[in-house]
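Colleague: Data: data_22.cif, mmCIF, C-alpha atoms.
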data_protein
loop_
_atom_site.label_atom_id
_atom_site.label_comp_id
_atom_site.auth_asym_id
_atom_site.auth_seq_id
_atom_site.Cartn_x
_atom_site.Cartn_y
_atom_site.Cartn_z
CA MET A 164 -33.24 -15.14 -4.21
CA VAL A 165 -34.91 -12.50 -6.30
CA PRO A 166 -32.94 -9.30 -6.83
CA ASN A 167 -34.35 -5.98 -5.70
CA ARG A 168 -34.76 -3.39 -8.42
CA TYR A 169 -32.49 -0.36 -8.22
CA ARG A 170 -32.28 2.64 -10.49
CA VAL A 171 -29.00 4.25 -11.58
CA LYS A 172 -28.82 7.73 -10.07
CA SER A 173 -25.41 8.52 -11.53
CA ASN A 174 -22.59 6.82 -13.38
CA THR A 175 -19.23 8.55 -13.00
CA GLN A 176 -15.99 7.57 -14.67
CA ASN A 177 -13.21 7.49 -12.01
CA THR A 178 -10.29 6.39 -14.18
CA HIS A 179 -9.88 4.95 -17.70
CA ASP A 180 -11.14 1.54 -16.51
CA THR A 181 -13.09 2.27 -13.32
CA PHE A 182 -16.47 3.88 -12.78
CA THR A 183 -18.85 4.46 -9.88
CA LEU A 184 -22.57 3.72 -9.90
CA VAL A 185 -24.86 5.37 -7.37
CA LEU A 186 -28.08 3.39 -7.06
CA ASP A 187 -31.48 4.21 -5.55
CA PRO A 188 -34.08 1.55 -4.71
CA VAL A 189 -37.05 1.47 -7.06
CA GLU A 190 -39.27 -0.25 -4.51
CA GLU A 191 -38.06 -2.20 -1.45
CA PRO A 192 -34.39 -1.56 -0.56
CA ILE A 193 -32.07 -4.42 0.38
CA ALA A 194 -31.32 -4.97 4.08
CA PRO A 195 -28.91 -2.51 5.76
CA PHE A 196 -25.22 -3.20 5.09
CA LEU A 197 -21.96 -2.67 6.96
CA PRO A 198 -18.44 -1.80 5.68
CA GLY A 199 -16.76 -4.80 4.07
CA GLN A 200 -19.90 -6.42 2.69
CA PHE A 201 -20.73 -6.92 -0.96
CA ASN A 202 -23.78 -7.10 -3.19
CA MET A 203 -24.56 -9.22 -6.22
CA LEU A 204 -25.37 -6.80 -9.04
CA TYR A 205 -27.43 -8.18 -11.88
CA LEU A 206 -27.22 -6.47 -15.24
CA PHE A 207 -30.34 -7.78 -16.93
CA GLY A 208 -29.51 -9.77 -20.02
CA PHE A 209 -25.79 -9.96 -19.20
CA GLY A 210 -25.29 -11.60 -15.84
CA GLU A 211 -24.71 -11.19 -12.13
CA ILE A 212 -21.41 -10.37 -10.40
CA PRO A 213 -20.25 -9.72 -6.81
CA LEU A 214 -19.21 -6.14 -6.09
CA SER A 215 -17.98 -4.53 -2.90
CA ILE A 216 -20.00 -1.68 -1.48
CA SER A 217 -17.87 1.46 -1.55
CA SER A 218 -19.95 3.72 0.67
CA THR A 219 -21.17 3.83 4.24
CA PRO A 220 -24.87 3.24 4.92
CA SER A 221 -27.02 6.21 3.96
CA PRO A 222 -30.45 7.12 5.36
CA ASN A 223 -32.01 7.11 1.88
CA ASN A 224 -30.82 3.54 1.19
CA GLU A 225 -28.52 4.70 -1.58
CA LEU A 226 -25.86 2.21 -2.69
CA VAL A 227 -22.49 3.13 -4.15
CA HIS A 228 -20.41 0.65 -6.14
CA THR A 229 -17.05 1.47 -7.72
CA ILE A 230 -16.44 -1.02 -10.48
CA ARG A 231 -13.43 -1.94 -12.56
CA VAL A 232 -14.12 -3.01 -16.13
CA VAL A 233 -12.88 -6.58 -16.44
CA GLY A 234 -15.44 -8.44 -18.58
CA PRO A 235 -18.74 -8.30 -20.45
CA VAL A 236 -20.93 -7.63 -17.40
CA THR A 237 -18.82 -4.74 -16.13
CA GLN A 238 -18.50 -3.43 -19.69
CA GLY A 239 -22.30 -3.40 -19.86
CA MET A 240 -22.58 -1.71 -16.46
CA GLN A 241 -20.16 0.99 -17.59
CA LYS A 242 -22.68 1.95 -20.29
CA LEU A 243 -25.59 2.38 -17.86
CA ASN A 244 -27.26 5.79 -17.83
CA PRO A 245 -29.17 7.54 -15.06
CA GLY A 246 -32.65 6.03 -14.93
CA ASP A 247 -31.55 2.57 -16.11
CA GLU A 248 -32.42 -0.33 -13.82
CA ILE A 249 -30.23 -2.99 -12.29
CA GLY A 250 -30.91 -5.91 -9.93
CA VAL A 251 -29.33 -6.06 -6.48
CA ARG A 252 -29.08 -9.00 -4.07
CA GLY A 253 -27.41 -8.50 -0.74
CA PRO A 254 -25.78 -7.46 1.40
CA PHE A 255 -23.55 -10.50 1.82
CA GLY A 256 -20.48 -11.51 3.76
CA SER A 257 -18.53 -10.56 6.83
CA VAL A 258 -17.64 -7.02 7.85
CA TRP A 259 -14.50 -5.07 8.73
CA PRO A 260 -14.25 -4.95 12.54
CA LEU A 261 -14.77 -1.31 13.46
CA SER A 262 -15.68 -1.60 17.12
CA GLU A 263 -13.10 -1.41 19.92
CA LEU A 264 -10.54 0.16 17.65
CA LYS A 265 -6.83 0.03 18.39
CA GLU A 266 -4.85 3.24 18.91
CA ASN A 267 -3.11 2.87 15.56
CA ILE A 268 -4.78 1.84 12.37
CA LEU A 269 -2.84 0.84 9.29
CA ILE A 270 -4.74 0.42 6.03
CA ILE A 271 -2.86 -1.19 3.16
CA THR A 272 -4.42 -1.33 -0.24
CA GLY A 273 -3.65 -1.45 -3.91
CA GLY A 274 -5.51 -1.12 -7.20
CA SER A 275 -9.24 -1.70 -7.01
CA GLY A 276 -8.73 -3.27 -3.57
CA PHE A 277 -9.27 0.26 -2.35
CA VAL A 278 -13.01 -0.04 -3.02
CA PRO A 279 -14.06 -2.15 0.02
CA LEU A 280 -11.76 -0.11 2.27
CA ARG A 281 -13.32 3.25 1.37
CA PRO A 282 -16.17 2.71 3.88
CA VAL A 283 -13.54 1.97 6.57
CA LEU A 284 -11.79 5.26 5.87
CA LEU A 285 -15.06 7.17 5.76
CA THR A 286 -15.95 5.64 9.13
CA LEU A 287 -12.55 6.35 10.69
CA ALA A 288 -12.50 9.93 9.39
CA ALA A 289 -15.80 10.44 11.20
CA ARG A 290 -14.54 8.76 14.38
CA LYS A 291 -11.03 10.23 14.43
CA GLU A 292 -11.24 11.00 18.16
CA GLU A 293 -11.37 7.24 18.92
CA VAL A 294 -7.93 6.54 17.45
CA LYS A 295 -4.48 8.05 17.70
CA ASP A 296 -3.05 7.42 14.25
CA VAL A 297 -4.61 6.29 11.02
CA THR A 298 -2.30 5.60 8.08
CA LEU A 299 -3.39 4.74 4.58
CA LEU A 300 -0.85 3.10 2.27
CA TYR A 301 -2.24 2.96 -1.23
CA GLY A 302 -0.51 1.52 -4.28
CA ALA A 303 -1.61 2.26 -7.81
CA ARG A 304 -0.19 1.36 -11.18
CA THR A 305 0.10 4.94 -12.48
CA PRO A 306 -0.95 8.38 -11.17
CA SER A 307 -3.96 8.31 -13.50
CA ASP A 308 -5.17 5.08 -11.84
CA ILE A 309 -5.55 6.69 -8.42
CA LEU A 310 -9.08 6.31 -7.10
CA TYR A 311 -10.98 8.65 -4.75
CA ALA A 312 -8.52 11.57 -5.06
CA GLN A 313 -11.07 13.97 -3.60
CA ASP A 314 -11.76 11.69 -0.63
CA ILE A 315 -8.04 11.31 -0.01
CA GLU A 316 -7.69 15.08 0.18
CA GLU A 317 -10.50 15.22 2.74
CA TRP A 318 -9.06 12.36 4.79
CA GLU A 319 -5.67 14.06 4.90
CA LYS A 320 -7.38 17.23 6.16
CA SER A 321 -9.03 15.17 8.89
CA GLY A 322 -5.59 14.00 10.09
CA ILE A 323 -5.27 10.66 8.33
CA HIS A 324 -1.72 10.09 7.13
CA VAL A 325 -1.74 9.05 3.49
CA GLU A 326 1.11 7.60 1.46
CA ILE A 327 0.45 6.79 -2.18
CA SER A 328 2.99 4.96 -4.27
CA VAL A 329 2.79 4.28 -7.98
CA ASP A 330 4.57 1.61 -9.99
CA ARG A 331 4.94 3.76 -13.09
CA PRO A 332 5.16 7.50 -12.57
CA ASP A 333 4.54 10.13 -15.21
CA GLU A 334 6.58 13.31 -15.55
CA THR A 335 4.27 15.26 -13.21
CA TRP A 336 4.36 12.76 -10.31
CA LYS A 337 6.21 13.98 -7.21
CA GLY A 338 5.10 11.24 -4.85
CA ASN A 339 6.43 7.79 -3.98
CA VAL A 340 7.45 5.32 -6.66
CA GLY A 341 7.73 1.60 -5.99
CA VAL A 342 5.60 -1.07 -4.43
CA ILE A 343 3.45 -0.02 -1.51
CA THR A 344 4.73 -2.84 0.69
CA GLY A 345 8.11 -1.07 0.83
CA LEU A 346 6.54 1.62 3.03
CA ILE A 347 4.98 -0.70 5.60
CA HIS A 348 7.97 -1.00 7.96
CA LYS A 349 8.06 2.77 8.39
CA CYS A 350 4.43 2.90 9.50
CA ILE A 351 4.44 0.42 12.37
CA GLY A 352 5.49 2.23 15.51
CA ASP A 353 3.68 0.38 18.26
CA PRO A 354 2.79 -3.10 16.95
CA GLN A 355 0.88 -4.22 20.05
CA ASN A 356 -1.51 -1.28 19.63
CA THR A 357 -1.96 -1.54 15.90
CA ARG A 358 -4.74 -3.00 13.79
CA VAL A 359 -4.21 -3.63 10.08
CA TYR A 360 -6.79 -3.76 7.29
CA ILE A 361 -5.58 -5.06 3.91
CA CYS A 362 -7.25 -5.44 0.55
CA GLY A 363 -5.73 -5.66 -2.89
CA PRO A 364 -4.40 -8.20 -5.37
CA GLU A 365 -3.69 -11.41 -3.45
CA ILE A 366 0.00 -11.29 -4.29
CA MET A 367 0.17 -7.78 -2.81
CA ILE A 368 -1.53 -9.09 0.33
CA LYS A 369 1.05 -11.88 0.56
CA PHE A 370 3.98 -9.48 0.31
CA ALA A 371 2.31 -7.08 2.74
CA LEU A 372 1.95 -9.91 5.24
CA ILE A 373 5.65 -10.74 4.89
CA GLU A 374 6.45 -7.14 5.84
CA ILE A 375 3.92 -7.09 8.68
CA MET A 376 5.30 -10.34 10.07
CA HIS A 377 8.63 -8.58 10.60
CA SER A 378 6.79 -6.60 13.31
CA ALA A 379 4.93 -8.00 16.30
CA ILE A 380 1.37 -7.11 15.31
CA PRO A 381 -0.89 -9.88 16.68
CA GLU A 382 -2.34 -12.09 13.94
CA ASN A 383 -5.86 -11.51 15.24
CA GLU A 384 -5.41 -7.77 14.61
CA ILE A 385 -4.65 -8.23 10.91
CA PHE A 386 -7.76 -8.28 8.74
CA LEU A 387 -7.86 -8.94 5.03
CA SER A 388 -10.54 -9.06 2.39
CA MET A 389 -10.27 -12.01 0.03
CA GLU A 390 -11.55 -12.35 -3.48
CA ARG A 391 -12.77 -15.56 -5.07
CA ASN A 392 -15.21 -16.52 -7.81
CA MET A 393 -18.50 -15.96 -5.98
CA LYS A 394 -21.72 -17.09 -7.66
CA CYS A 395 -24.56 -17.75 -5.23
CA ALA A 396 -23.24 -15.53 -2.41
CA THR A 397 -24.91 -17.73 0.18
CA GLY A 398 -22.40 -20.58 0.59
CA PHE A 399 -24.31 -23.20 -1.41
CA CYS A 400 -22.68 -23.39 -4.82
CA GLY A 401 -19.12 -23.90 -3.55
CA HIS A 402 -17.46 -21.75 -6.21
CA CYS A 403 -15.68 -19.59 -3.63
CA GLN A 404 -14.53 -22.35 -1.30
CA TYR A 405 -11.33 -21.40 0.50
CA GLY A 406 -10.09 -24.22 2.69
CA PRO A 407 -12.91 -24.85 5.19
CA TYR A 408 -14.53 -21.50 4.37
CA PHE A 409 -16.74 -19.98 1.73
CA VAL A 410 -15.47 -16.51 0.91
CA CYS A 411 -19.00 -15.27 0.18
CA LYS A 412 -20.42 -16.35 3.54
CA ASP A 413 -17.51 -16.63 6.00
CA GLY A 414 -15.60 -13.81 4.29
CA PRO A 415 -14.74 -11.78 2.36
CA VAL A 416 -13.20 -10.20 5.48
CA PHE A 417 -11.12 -12.64 7.51
CA SER A 418 -8.64 -12.22 10.32
CA PHE A 419 -5.21 -13.43 9.24
CA GLU A 420 -5.23 -15.75 12.24
CA LYS A 421 -8.21 -17.56 10.69
CA VAL A 422 -6.84 -18.05 7.16
CA LYS A 423 -3.08 -18.19 7.64
CA ASN A 424 -2.93 -21.96 7.08
CA TRP A 425 -4.60 -21.63 3.70
CA PHE A 426 -2.71 -18.65 2.47
CA ASN A 427 0.23 -20.26 0.72
CA ILE A 428 -1.50 -23.32 -0.67
CA LYS A 429 -1.15 -23.41 -4.44
CA GLU A 430 -4.34 -22.99 -6.48
CA LEU A 431 -6.56 -22.78 -3.41
CA MET B 278 14.35 25.36 23.44
CA LYS B 279 14.67 22.73 20.74
CA SER B 280 17.97 20.90 20.99
CA ILE B 281 19.91 20.18 17.83
CA LYS B 282 20.50 16.50 17.20
CA THR B 283 24.00 15.37 16.42
CA ILE B 284 24.66 12.78 13.72
CA ALA B 285 25.34 10.26 16.50
CA ASP B 286 21.89 11.03 18.04
CA ILE B 287 20.24 10.34 14.68
CA LEU B 288 22.15 7.09 14.22
CA ASN B 289 21.21 5.96 17.72
CA GLU B 290 17.52 6.32 16.83
CA HIS B 291 17.78 4.52 13.49
CA SER B 292 17.10 0.77 13.20
CA PHE B 293 19.97 0.36 10.74
CA PHE B 294 22.46 1.08 13.49
CA GLU B 295 20.67 -0.97 16.17
CA GLY B 296 23.01 -3.20 18.17
CA LEU B 297 26.10 -1.07 17.53
CA SER B 298 28.14 0.09 20.54
CA GLN B 299 28.43 3.79 21.29
CA GLU B 300 32.05 3.64 20.20
CA GLU B 301 31.01 2.19 16.83
CA ILE B 302 28.22 4.75 16.46
CA GLN B 303 30.67 7.54 17.20
CA PHE B 304 33.06 6.21 14.59
CA ILE B 305 30.36 5.99 11.89
CA ALA B 306 29.04 9.40 12.87
CA GLY B 307 32.56 10.70 12.35
CA CYS B 308 32.37 9.44 8.76
CA GLY B 309 29.12 11.35 8.17
CA LYS B 310 28.26 14.93 7.31
CA ASN B 311 24.97 16.76 6.82
CA VAL B 312 24.13 17.54 3.21
CA MET B 313 21.23 19.19 1.41
CA PHE B 314 19.95 18.76 -2.14
CA HIS B 315 17.57 21.07 -3.95
CA GLU B 316 14.63 19.82 -5.96
CA GLY B 317 15.90 18.30 -9.19
CA GLN B 318 19.55 18.28 -8.10
CA VAL B 319 21.46 15.24 -9.36
CA ILE B 320 23.11 13.36 -6.49
CA ALA B 321 24.80 10.62 -8.50
CA GLU B 322 25.01 9.42 -12.09
CA PRO B 323 25.76 5.88 -13.33
CA GLY B 324 29.51 5.40 -13.43
CA ASP B 325 30.24 7.99 -10.74
CA PRO B 326 32.50 6.75 -7.95
CA ALA B 327 30.31 5.44 -5.15
CA ASP B 328 32.31 7.05 -2.37
CA LEU B 329 29.22 8.10 -0.47
CA PHE B 330 25.94 6.66 0.68
CA TYR B 331 23.08 8.57 2.24
CA LEU B 332 20.65 8.36 5.12
CA ILE B 333 17.66 10.52 4.20
CA ARG B 334 16.52 12.78 7.03
CA GLU B 335 13.87 14.70 5.15
CA GLY B 336 12.61 14.91 1.56
CA LYS B 337 12.64 12.41 -1.24
CA VAL B 338 15.10 11.10 -3.82
CA ALA B 339 14.42 9.09 -6.95
CA LEU B 340 16.40 6.34 -8.64
CA SER B 341 16.23 6.03 -12.40
CA ILE B 342 17.90 4.25 -15.28
CA ALA B 343 18.42 5.69 -18.74
CA VAL B 344 17.08 3.37 -21.44
CA PRO B 345 17.80 5.12 -24.75
CA PRO B 346 15.96 5.92 -26.93
CA ARG B 347 13.17 5.80 -24.35
CA GLU B 348 12.69 8.28 -21.53
CA PRO B 349 14.67 7.47 -18.35
CA PHE B 350 12.80 4.91 -16.25
CA LEU B 351 12.18 6.09 -12.70
CA PHE B 352 11.67 2.93 -10.71
CA GLN B 353 11.97 3.80 -7.03
CA THR B 354 11.85 6.68 -4.59
CA PHE B 355 13.27 6.80 -1.10
CA GLY B 356 12.26 9.07 1.74
CA GLN B 357 12.81 9.74 5.41
CA LYS B 358 14.91 7.14 7.24
CA ASP B 359 15.81 5.31 4.02
CA LEU B 360 19.35 4.38 3.18
CA VAL B 361 20.35 5.21 -0.40
CA GLY B 362 23.35 3.70 -2.11
CA LEU B 363 24.86 0.25 -1.70
CA SER B 364 27.49 0.38 -4.45
CA TRP B 365 30.13 1.56 -1.95
CA LEU B 366 30.11 -2.01 -0.61
CA ILE B 367 31.25 -3.91 -3.66
CA PRO B 368 33.89 -3.35 -6.36
CA PRO B 369 34.13 -1.46 -8.64
CA TYR B 370 32.46 0.99 -6.21
CA LEU B 371 30.56 2.83 -8.93
CA TRP B 372 26.97 4.06 -8.97
CA THR B 373 24.78 2.04 -11.32
CA VAL B 374 21.73 4.32 -11.32
CA LYS B 375 20.97 8.01 -11.45
CA VAL B 376 19.86 9.53 -8.15
CA HIS B 377 18.19 12.92 -7.98
CA ALA B 378 16.28 14.88 -5.37
CA VAL B 379 12.53 14.96 -6.03
CA SER B 380 12.08 17.66 -3.41
CA LEU B 381 14.33 19.60 -1.05
CA THR B 382 16.21 16.79 0.70
CA ARG B 383 18.34 16.78 3.80
CA ALA B 384 20.51 13.74 4.41
CA ILE B 385 23.60 12.46 6.13
CA ALA B 386 26.29 11.54 3.60
CA PHE B 387 28.63 8.83 4.81
CA ASP B 388 32.12 8.20 3.56
CA GLY B 389 31.71 4.63 2.30
CA ALA B 390 35.43 4.06 1.76
CA CYS B 391 36.17 5.09 5.36
CA ILE B 392 33.49 2.75 6.78
CA ARG B 393 34.59 -0.07 4.49
CA LYS B 394 38.19 0.27 5.70
CA LYS B 395 37.05 0.25 9.32
CA CYS B 396 34.88 -2.85 8.71
CA ASP B 397 37.88 -4.65 7.17
CA GLU B 398 39.86 -3.89 10.30
CA ASP B 399 37.04 -4.54 12.76
CA THR B 400 35.17 -7.58 11.46
CA ASN B 401 32.81 -7.52 14.43
CA LEU B 402 31.49 -4.13 13.32
CA GLY B 403 31.60 -5.28 9.69
CA TYR B 404 29.45 -8.32 10.49
CA LYS B 405 26.88 -6.26 12.40
CA LEU B 406 26.60 -3.72 9.60
CA LEU B 407 26.35 -6.43 6.95
CA GLN B 408 23.50 -8.07 8.85
CA HIS B 409 21.57 -4.81 8.65
CA ILE B 410 22.50 -4.30 5.00
CA ILE B 411 21.32 -7.79 4.10
CA LYS B 412 17.97 -7.04 5.73
CA ILE B 413 17.64 -4.00 3.48
CA LEU B 414 18.70 -6.00 0.42
CA VAL B 415 16.13 -8.71 1.14
CA LEU B 416 13.32 -6.15 1.53
CA ARG B 417 14.35 -4.47 -1.71
CA GLU B 418 14.57 -7.77 -3.53
CA GLU B 419 11.05 -8.65 -2.38
CA ALA B 420 9.87 -5.24 -3.53
CA SER B 421 11.54 -5.72 -6.93
CA ARG B 422 9.81 -9.06 -7.41
CA LEU B 423 6.45 -7.52 -6.63
CA HIS B 424 7.20 -4.58 -8.93
CA LEU B 425 8.01 -7.00 -11.77
CA LEU B 426 4.67 -8.74 -11.31
CA ASP B 427 2.78 -5.56 -12.25
CA VAL B 428 0.11 -6.56 -9.75
CA TYR B 429 -2.33 -3.78 -10.56
CA GLY B 430 -2.24 -4.52 -14.28
CA GLU B 431 -5.17 -5.68 -16.39
CA HIS B 432 -4.60 -9.35 -15.64
CA GLN B 433 -5.52 -8.67 -11.99
#
For this file, produce the structure as structure tokens.
Modeller:
Amino acid sequence: MVPNRYRVKSNTQNTHDTFTLVLDPVEEPIAPFLPGQFNMLYLFGFGEIPLSISSTPSPNNELVHTIRVVGPVTQGMQKLNPGDEIGVRGPFGSVWPLSELKENILIITGGSGFVPLRPVLLTLAARKEEVKDVTLLYGARTPSDILYAQDIEEWEKSGIHVEISVDRPDETWKGNVGVITGLIHKCIGDPQNTRVYICGPEIMIKFALIEIMHSAIPENEIFLSMERNMKCATGFCGHCQYGPYFVCKDGPVFSFEKVKNWFNIKEL
Amino acid sequence: MKSIKTIADILNEHSFFEGLSQEEIQFIAGCGKNVMFHEGQVIAEPGDPADLFYLIREGKVALSIAVPPREPFLFQTFGQKDLVGLSWLIPPYLWTVKVHAVSLTRAIAFDGACIRKKCDEDTNLGYKLLQHIIKILVLREEASRLHLLDVYGEHQ
């Protein structure tokens, strides 16, 4: 598959190690995407990596990717300037279920796992009348690692309940301290009418699931986004095999019911 | 007109006291009193007698440990409906951490020694309370493990 050419519209530093690229198509845009999907971004001369889309679809085919610097490709992307070009293949993968919403929505995220859930929150903020309660539990390492602070402010204004917890506070921090999973039990009031969306480090997901399992939320109402080493993004290369699934094609969004048997298998 | 909740009403609604008889609730409520802490107020220091434990009704408290010569390490906050303080359960009944109010905090302070004495006399109540306390301990142990893993660090 040949990547489509996109031009960097802006490159904004979010935190010390995370930045956001806004991309415009140079010629033909990629096919329309939905929340939860990812693109393969190709930095010419460096390599291609999978990245979650952090926006909702826009009429001008703009793409937004928030990226954490973790290696040479992302380091190169961090240096991109407006006008520079990048290759995009996509969109790939499964989507967050956003139809037939439950009354209560619980979103649990941590670190850069927030990125694929931003489109969910943008969608829910716009469709607030369809749900009773939306709660966002977001864990970050330090206050200066918190992503999308401006969005969070807007979501709170729209009635979304937000709890942020940091592992290491600074002297100015007045919010929660401790792991985000410690707040889960307080946020599940009516388990049978609750849907959960989770994305974050896999170990955080595991501990979050332990907490959720103390309640009676049905397994088919718990959705999580998995991360694996994705290369081709079309289910051919096998790099992202996860039990009987390929994360790139059958995921990254799975219902817990679907992957629960594979969750605690070592090195899978 | 808004009715004022008694301590027993609050205990009846809290999962920690689930399964307790009304008589037991009334007894524990009798060991409790409403307290308020202003922002920054120190609630307990390491080495203080752990006579009391708290059920937070509103606000937030922080637990920290002094690690000289470094700044004190704030490792956990607790908010509404959280139970703060477990040192009243085991000898030498002394606080091991500093607890201070992060914001204006209203809580119910329970006389730990009084409840402990009652639990010694009434092992049925003691067993029920310990079951709830163990649940809290397990959750906090899981949280501590996850905290230790520094899951959002650069190795993510």
Colleague: Here's the selection I'm unsure about, the PyMOL selection byres ((chain A) within 8 of (chain B)); applied to the file above, which residues does it give, as a list in words?
Modeller: Val233, Gly273, Gly274, Ala303, Arg304, Asp330, Arg331, Pro332, Lys337, Asn339, Val340, Gly341, Val342, Thr344, Gly345, Pro364, Ile366, Met367 and Phe370 of chain A
Colleague: Within 12 Å of Lys320 (chain A), counting only C-alpha atoms, which residues show up once you throw out same-chain ones fewer than 6 positions away? Write them as a list of chain:residue names, please.
Modeller: A:Ala288, A:Ala289, A:Lys291, A:Gln313, A:Asp314
Colleague: One decimal, in Å: what's the spacing between CA of Ala285 (chain B) and CA of Ile410 (chain B)?
Modeller: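 Atom-to-atom, CA of Ala285 (chain B) and CA of Ile410 (chain B) are spaced 18.8 Å apart.
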Colleague: Would you please work out which residue, of A:Phe207, A:Gly246, A:Thr178, A:Leu387, is nearest to Pro306 (chain A) when using only C-alpha atoms?
Modeller: A:Thr178
Colleague: Near Thr283 (chain B), counting all atoms listed in the file, which residues have an atom at most 10 Å away, once you skip same-chain residues fewer than 6 positions from it, shown as a PDB file with C-alpha atoms, keeping the file's coordinate frame?
Modeller:
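So the final result, stored in around11.pdb, reads:
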ATOM      1  CA  ASN B 289      21.210   5.960  17.720  1.00  0.00           C
ATOM      2  CA  ALA B 306      29.040   9.400  12.870  1.00  0.00           C
ATOM      3  CA  ASN B 311      24.970  16.760   6.820  1.00  0.00           C
TER       4      ASN B 311
END
Colleague: Counting all atoms listed in the file, I want the residues whose atoms come within 9 Å of (24.0, 9.5, 4.2) in the file frame, returned as a JSON list (two decimals) with C-alpha atoms, in the coordinates of the input.
Modeller:
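The resulting file, part-v3.json, is reproduced below:
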[["chain", "number", "residue", "atom", "x", "y", "z"],
["B", 309, "GLY", "CA", 29.12, 11.35, 8.17],
["B", 310, "LYS", "CA", 28.26, 14.93, 7.31],
["B", 311, "ASN", "CA", 24.97, 16.76, 6.82],
["B", 312, "VAL", "CA", 24.13, 17.54, 3.21],
["B", 329, "LEU", "CA", 29.22, 8.10, -0.47],
["B", 330, "PHE", "CA", 25.94, 6.66, 0.68],
["B", 331, "TYR", "CA", 23.08, 8.57, 2.24],
["B", 332, "LEU", "CA", 20.65, 8.36, 5.12],
["B", 333, "ILE", "CA", 17.66, 10.52, 4.20],
["B", 334, "ARG", "CA", 16.52, 12.78, 7.03],
["B", 360, "LEU", "CA", 19.35, 4.38, 3.18],
["B", 361, "VAL", "CA", 20.35, 5.21, -0.40],
["B", 362, "GLY", "CA", 23.35, 3.70, -2.11],
["B", 384, "ALA", "CA", 20.51, 13.74, 4.41],
["B", 385, "ILE", "CA", 23.60, 12.46, 6.13],
["B", 386, "ALA", "CA", 26.29, 11.54, 3.60],
["B", 387, "PHE", "CA", 28.63, 8.83, 4.81],
["B", 388, "ASP", "CA", 32.12, 8.20, 3.56]]
Colleague: Please expand the PyMOL selection byres ((chain A and resi 237-244) around 9) into the concrete residues it hits in this file, giving the result as number ranges by chain.
Modeller: A: 171-176, 181-184, 206, 209, 212, 230-236, 245-249
Colleague: Residue by residue, what does the PyMOL selection byres ((chain A and resi 217) around 6) grab here? Present the result as a ChimeraX atom specification.
Modeller: /A:216,218,227-228,278-279,281-282
Colleague: Thr286 (chain A): which residues within 12 Å, counting all atoms listed in the file, same-chain residues fewer than 4 positions away excluded, as a PyMOL selection string?
Modeller: chain A and resi 197-199+217-220+259-262+264+280-282+290-294+297+318+321+323
